Amino acid sequence: MQRNGPLALIFHTLFITFILAPLVIIIVVSFTDKGYISMPTDGLSLRWYKAILDARELMSAFWFSLKLGLVASCTAMVLAIPAALAVTRYRFRGREAMIAFFMSPLMIPQVVLGAAFLRFFNIAGLSGSFFWLMTTHVILIVPYAMRMVIAAATGMNREIENAGLSLGASPWTVFYRITLPLLMAGIVGGWMLSFIQSFDELTMTIFVATPGTMTLPVAMYNHIAHTIDPLVTSVSAVLIFGTMLLTLLIERVVGLEKVLIGRG
Amino acid sequence: MPSPSAARARRMPWLLSAPALAVFVSLLLTPLVLTGVLSLYAFDGQRGILDTYTLANYIEVFTDTYYLEIFVRTAGMAAVVTLLCVIIGVPETLILSRMRGRWRGIFLLIILAPLLISVVVRTLGWSILLGTNGLVNQIMMFLGITDEPVRMMFTLTGVIVALVHVMVPFMVLSVWATIQKLDPQVEQAGLSLGAPPRTTFFRVILPQLLPGILSGSIIVFALTASAFATPALIGGRRLKVAATAAYDEFLSTLNWPLGATIALVLLVANIIVIVGCNRWVERRFRSVFEG
């Protein structure tokens, strides 16, 4: 294998700088003591981190998004696990079409989904409810959840299940005591990825969010579209740190690469 | 007559996927069909959505130069972003693959982790960097590239820079997945048979990476063409693209039928690009995929 030459290393340094620059600038600016966007040249201040606690709208949007992401990702897993087992363990007519149908939200632009849900909620009178907003997120994240479970189920050794069955365990016992634990890495990876996708979703949600169902990305988008102040940088910095923690967790549990490529 | 267990085996996959299917049919298929119907309604500025069917919205989107310009801008932006992602993403992935295990893991994490950070946050970072008094302008003036600040906010250049940042991890990911399957000995063979490194690269390595580059390009193109947050926040009101135009029709102008039409044209164009390119790639590189 060839080694990287000096030119390659310069390119690499520039590339990594490009990737990190917007994130680093947010973190640096968030420590300013001024009332506007500026470098914290005269000393660091936690002023804008304290201000987050007083920002009622952003705080309630944060808790709302957290609840939404948790409920939606758990619901998505409950739907995705049996469906993923169906397409990995059985060969049946319509199988390919079923997989394509479950993966289709990845191919549909989120604006289209947003427009479709807005129209649907408007006709059915469902706007402004936590439950129905949650179901739209479920549809959006089921592909991520399913892909991970399919990957885990494809590589699974089924002899152990057969051993359980032949030793007299009921199908349910086999499912809870053997299948589920063996799929656990895929399930946890899929669940975490689904949670992040739901928590970060903006484009679809902005169509259907109401003042009573305001998610954090939508609240931040509205805030930034209006004005960029140090408050959004400190909120963003907290999100960056939080996502970094979760990313390291995913890396530890299943490997980030596997989660993102979607192969087990 | 089929045995009971065979009948059971035939029912089983449908039973297992029934809950997910029910949710998808009622909450995905139905809204999409309703949006299709919505795009066929007539609209009047005063009276709102009219109860008559018409193709007027489609005729407007396809003939009015205003919408034509938006779609051309969207496609052009997606093409440039895709090209830039290839130009910087592919060499970086090759560099990564030549690193030692530990560093490779760390840098792969640094490049891929931003995929999980909210696009709103990443776009905010670029808004701060690209401002008139932002760091990018300060550095360019310090280096003497420019004498006075260059306007980058609310320009297509600014939108493209930020979008390349958002999209390039997808390219790295896709090429990386292909590199994992490569046999390093093939490169060695090329070199040991006396081919110079440059020839080995263009004749041996690049052709093997092409499927990964192409599938990465399809992903980047499709995602860029439907991007919303970055064009909206960095491009502003005047630099409209398909996604922001659809949003404005729905939530500012309140011309829902026209908004639905723009959204559906975007959807169909996206599907044609994704499916068409995938077919082409699969035909062209069947031997590579089967190998």
# chains A, B, ... in the order shown; residues from 1 in each chain; ligands from 1

$ closest_atom_pairs --of "chain A" --to "chain B" --cutoff "6 Å" --atoms "only C-alpha atoms" --output "tab-separated table"
residue	atom	partner	partner_atom	distance
A:Arg3	CA	B:Arg98	CA	6.0
A:Pro22	CA	B:Gly125	CA	4.1
A:Leu23	CA	B:Gly125	CA	6.0
A:Ile26	CA	B:Gly125	CA	5.6
A:Leu79	CA	B:Ala20	CA	5.0
A:Pro82	CA	B:Leu16	CA	5.0
A:Ala83	CA	B:Ser17	CA	4.1
A:Ala86	CA	B:Pro13	CA	4.4
A:Pro109	CA	B:Ser226	CA	5.6
A:Val112	CA	B:Ala263	CA	5.2
A:Ala116	CA	B:Pro31	CA	4.9
A:Phe117	CA	B:Pro31	CA	5.8
A:Phe120	CA	B:Pro31	CA	5.1
A:Asp200	CA	B:Ser118	CA	5.1
A:Ser236	CA	B:Val121	CA	5.7

$ residues_around --residues "Lys50 (chain A)" --least-positions-apart "2" --cutoff "12 Å" --atoms "only C-alpha atoms" --output "list of chain:residue names"
A:Ser30, A:Phe31, A:Asp33, A:Ser45, A:Leu46, A:Arg47, A:Trp48, A:Ile52, A:Leu53, A:Asp54, A:Ala55, A:Met59, A:Pro230, A:Leu231, A:Ser234, A:Val235, A:Val238

$ select_by_dssp --residues "region 93-237 of chain B" --states "helix (DSSP H, G or I)" --output "count of residues only"
112

$ atom_distance --atom1 "CA of Tyr49 (chain A)" --atom2 "CA of Gly158 (chain B)"
28.7 Å

$ closest_residue --among "A:Ile16, A:Ile196, A:Ala169, A:Ile224" --to "Leu246 (chain A)" --atoms "only C-alpha atoms"
A:Ile196

$ residues_around --residues "Asp183 (chain B)" --least-positions-apart "5" --cutoff "12 Å" --atoms "only C-alpha atoms" --output "PDB file with N, CA and C atoms, in the first residue's frame"
ATOM      1  N   MET A   1       0.835  -1.197   0.000  1.00  0.00           N
ATOM      2  CA  MET A   1       0.000   0.000   0.000  1.00  0.00           C
ATOM      3  C   MET A   1       0.869   1.246   0.000  1.00  0.00           C
TER       4      MET A   1
ATOM      5  N   THR B 178     -16.946   1.265  -1.091  1.00  0.00           N
ATOM      6  CA  THR B 178     -16.373   0.554  -2.244  1.00  0.00           C
ATOM      7  C   THR B 178     -14.921   0.175  -1.990  1.00  0.00           C
ATOM      8  N   GLN B 188      -0.918  -3.339  -6.046  1.00  0.00           N
ATOM      9  CA  GLN B 188       0.459  -3.827  -5.998  1.00  0.00           C
ATOM     10  C   GLN B 188       0.871  -4.453  -7.314  1.00  0.00           C
ATOM     11  N   ALA B 189      -0.067  -5.246  -7.869  1.00  0.00           N
ATOM     12  CA  ALA B 189       0.227  -5.927  -9.132  1.00  0.00           C
ATOM     13  C   ALA B 189       0.537  -4.905 -10.208  1.00  0.00           C
ATOM     14  N   GLY B 190      -0.296  -3.864 -10.295  1.00  0.00           N
ATOM     15  CA  GLY B 190      -0.078  -2.817 -11.289  1.00  0.00           C
ATOM     16  C   GLY B 190       1.303  -2.211 -11.131  1.00  0.00           C
ATOM     17  N   VAL B 204      -6.158   1.415 -12.893  1.00  0.00           N
ATOM     18  CA  VAL B 204      -6.485   0.285 -12.021  1.00  0.00           C
ATOM     19  C   VAL B 204      -7.425   0.701 -10.893  1.00  0.00           C
ATOM     20  N   ILE B 205      -7.067   1.763 -10.159  1.00  0.00           N
ATOM     21  CA  ILE B 205      -7.838   2.101  -8.954  1.00  0.00           C
ATOM     22  C   ILE B 205      -9.135   2.805  -9.310  1.00  0.00           C
ATOM     23  N   GLN B 208     -12.169   0.914 -10.500  1.00  0.00           N
ATOM     24  CA  GLN B 208     -12.794   0.101  -9.464  1.00  0.00           C
ATOM     25  C   GLN B 208     -13.635   0.955  -8.518  1.00  0.00           C
ATOM     26  N   LEU B 209     -13.243   2.229  -8.370  1.00  0.00           N
ATOM     27  CA  LEU B 209     -13.970   3.104  -7.453  1.00  0.00           C
ATOM     28  C   LEU B 209     -15.210   3.697  -8.107  1.00  0.00           C
ATOM     29  N   GLY B 291     -18.660  -9.212  -9.099  1.00  0.00           N
ATOM     30  CA  GLY B 291     -17.323  -9.691  -8.755  1.00  0.00           C
ATOM     31  C   GLY B 291     -17.027  -9.649  -7.296  1.00  0.00           C
TER      32      GLY B 291
END

$ atom_distance --atom1 "CA of Leu70 (chain A)" --atom2 "CA of Ala151 (chain A)"
22.4 Å

$ closest_residue --among "A:Ala209, A:Met98, A:Ala145, A:Val71" --to "Leu126 (chain A)" --atoms "only C-alpha atoms"
A:Ala209

$ closest_residue --among "B:Leu55, B:Ala75, B:Phe43, B:Pro149" --to "Ala269 (chain B)" --atoms "only C-alpha atoms"
B:Ala75

$ atom_distance --atom1 "CA of Thr203 (chain A)" --atom2 "CA of Glu57 (chain A)"
19.5 Å

$ closest_residue --among "A:Phe199, A:Phe207, A:Phe102, A:Phe15" --to "Gly128 (chain A)" --atoms "only C-alpha atoms"
A:Phe207
